[in-house]
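Right, one structure below, let's go through it.
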Amino acid sequence: MTRLGMMLRKNVMSLLEVKDLQVRVEEREILHGLSLTVNPGEVHAIMGPNGSGKSTLSHVIAGKPGYEVTGGQVLFKGEDLLAMAPNERAAKGVFLAFQYPVEIPGVTTWNFLHAALNAQRKARGEDEMSSPAFLKKVREVAKSLSIPQDMLKRGVNVGFSGGEKKRNEILQMALFEPAVCILDEMDSGLDIDALRIAADGVNALRSPERAMVVITHYQRLLNYIVPDVVHVMSKGRVVKSGGKELALELEESGYAQFEDAA
Amino acid sequence: MNVVAKTETGRALGDAFALVSDRLPGGGKIADQRRQAFEAYERAGLPHRRIEDWKYTDLRALMREVLPLAPAPDVAALNRAAAVVKKQAIDGVRRLVLVDGAFAPDLSDLGNLDKGLSIRPLREVLDAGDGTLSAQAFASDNSNPMIALNGAMATDGVVIEIADGTVLTKPLHIVHVASSAAPAAMFTRSLLRLGRDTGATLVESYFAAEGTKAYQAHDGLIVAIGDNARLDHIRLVEDGSDAFNISSATITLGAHAHFNTFAMTTGAHLSRYQLTVTCAGEGSKVETNGVNLINGKQHADTTLFMDHAVPHCDSREIFRAVVDDRAHSVFQGRIIVRPDAQKTDAKMMTRALLLSDEAEADNKPELEIFADDVTCGHGATTGALDESLLFYMRARGLPEKEAQALLIQAFVGEAIETIVSDALREVAIAAARRWLEARA
């Protein structure tokens, strides 16, 4: 897409707009007025120390129960995302890759993915995908991520290694073709080889229509998934935004400088 | 013994017994046994919560009375039964239908019996005066009042004999249909004898014809599994929502015999299933598995008594309960290992899933071990659906009820998976799905 095209698009509509978001968990405020605008085709990185509210942001966007939004809004393609149930958000095109994907014994990966894909299609008024068509599609995607077929027959994430669980998240991302992907600490618990496979999977999904928000504690991941914009979060707010060089700067100087700014 | 004061309902039933005695087949010895059984029931009356075994299922409070004996089905009742039997038919089985406590030959499949297989209505066996079979059918213990009552009142049933060395090609399917237009009780008793080196599959279903309201199904099943024989048993209770189902099964295994049973209750307002399994021959193997899927104000009780009488036998129990709304699930599992039963390997695992704050599940495992060289264990858990799993599934696009349905299916799956026959496993899965769909 041309630069002009990008700008025009930007003026028309952002994919994800977080405006002055304030969030409480029980009696404690975690986000104190966080704002963020993500446009199609962009990859944003959100960095920050532990407890800065990064995961809270991802959970609120996905609709996890237990968070109370006390102010601000989150718009997805101009619609009020916070008014939607988690499954509606998924059907609209919001995807959260979990930091800790759960294990679901007794539900095969294959069945789960088929049911989830068809639930999303049904919610969008599309036809359900037949078993043979689904099988073909999921096999292709699994192959591209070096996921062995027998993993699909096992219970969701049951007995998977850390790397396999993260690859399974990316498999789902590729299958559901969401408009916005939020990757919550994708690098946690991964060795360098597993990280590279996961990052390659994510990079293959970058497109001019799709945006990504990469939440990470470490700069390391951003060597593999190179962001367009880097935000630094501290104490529930974005305290600085910049280009990819900001991540390198942080690697040098650490987060301490921002603790005061927040 | 303690004589419990007769209740009003007990007295009314005493009169009823005298009135219906001409409808109960079997003279001489059997008539005496029925009278003794009835007296045993009358002394105890309906079991109530102060009797340890009935603590969670107080029939005096929950059932209150035994309904009058169902009239023999007329043409209209048989036609209603035929319609529902057709609707609920399972492919590839030999169907034996009991309507309102009477064997219905026209709805049953008695053609082309395998060599070595004999099937007769209980009434016919009793009328013919076959002493041995009659004695086996009525040999049960009168200490359990509901089994005693069943023995006293049984009007019909099926008597199935499988001769040594016979392996049945088709599963047998005993269908219990309630079709009476007026509220009534039906009492049936069936006997299944597997000779040496035999193999069979028995399916039992309970359901009601359209328009049938409150009824009581009282069944007693007596099974003897010979040496080296194998019985697979599947029991599906889909009785009407006003119905009571009070049934028992008494199973005895010979040496190196194998009994695999799966029971699922989705229907009936109140049900109690008393399963007694005795390993009487060395080297036998028992797998008893079950699922309750209940909601509304349903009450479903499975009471298992696993008796290891001889050495070198294995038993496994997997029981799952899914309880919604204000329903109440009960599982009582008692394993006894007799002094001689060395090298017994017995394990029991029960798990309950509560889908509402008002749902109740009682698990009562009891192990009584009198031998010293055994492996025995039990475990019981009760919990709700895992919120973190539900959120993950919803975040992938599944609506809440659908996500719950997948988790419930997975929860009961471990028990359903124990059904060996693919076709019958599918029948059980379909029954579970019907329950889940009705919930959504």
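Ordered as shown in the structure tokens, chains take letters A, B, and onward, while each chain numbers its residues from 1 and ligands are numbered from 1 in the order shown.
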
- [ ] Excluding Ile30 (chain A) and residues on its chain fewer than 5 positions from it, collect all residues at most 6 Å away from it, counting only C-alpha atoms, and give them as number ranges by chain.
- [x] A: 23-24, 236

With a distance cut-off of 8 Å and only C-alpha atoms, select the neighbouring residues of Ala280 (chain B), excluding the residue or stretch itself and same-chain residues fewer than 5 positions from it, and output the selection as a list in words.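 Selected residues are Thr252, Leu253, Gly254, Ala255, His308, Ala309 and Val310 of chain B.
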
Restrict the distance test to only C-alpha atoms, flag each residue of chain A within 9 Å of chain B, and return the flagged residues as an MDAnalysis selection string.
chainID A and resid 62:65 85:91 94:96 98 101:107 112:113 115:120 123 172 176

Inset, instruction - Could you give me the residues within region 22-160 of chain B that DSSP places in helix (DSSP H, G or I), as a VMD selection string? - result: chain B and resid 22 to 23 28 to 44 52 to 54 59 to 62 75 to 87 105 to 107 122 to 127 131 to 137 145 to 153

Atom pair CA of Val180 (chain A) + CA of Glu251 (chain A), distance 26.6 Å

Select from region 18-242 of chain A everything DSSP, run on the backbone, classes as strand (DSSP E), then give the selection as a PyMOL selection string. chain A and resi 18-25+28-38+43-47+68-76+79-80+94-97+104-108+155-156+180-184+211-216+229-234+237-242

Q.
Calculated over only C-alpha atoms, which of the candidates B:Glu282, B:Asp58, B:Glu52, B:Asp345 has the smallest distance to His378 (chain B)?
A.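 Once distances to His378 (chain B) are computed over only C-alpha atoms, the minimum belongs to B:Asp345.
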
**Message:** With only C-alpha atoms as the counted atoms, please give the residues lying no more than 9 Å from Gly53 (chain A), apart from itself and same-chain residues fewer than 5 positions off, as number ranges by chain.
**Reply:** A: 30-31, 48, 58, 233-237

Using only C-alpha atoms, the best pick from A:Leu195, A:Val18, A:Val202, A:Leu250 as closest to Val214 (chain A) would be A:Val202

Exercise. How many Å separate CA of Leu191 (chain B) from CA of Gln36 (chain B)?
Worked result: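 Between these atoms lies a distance of 20.2 Å.
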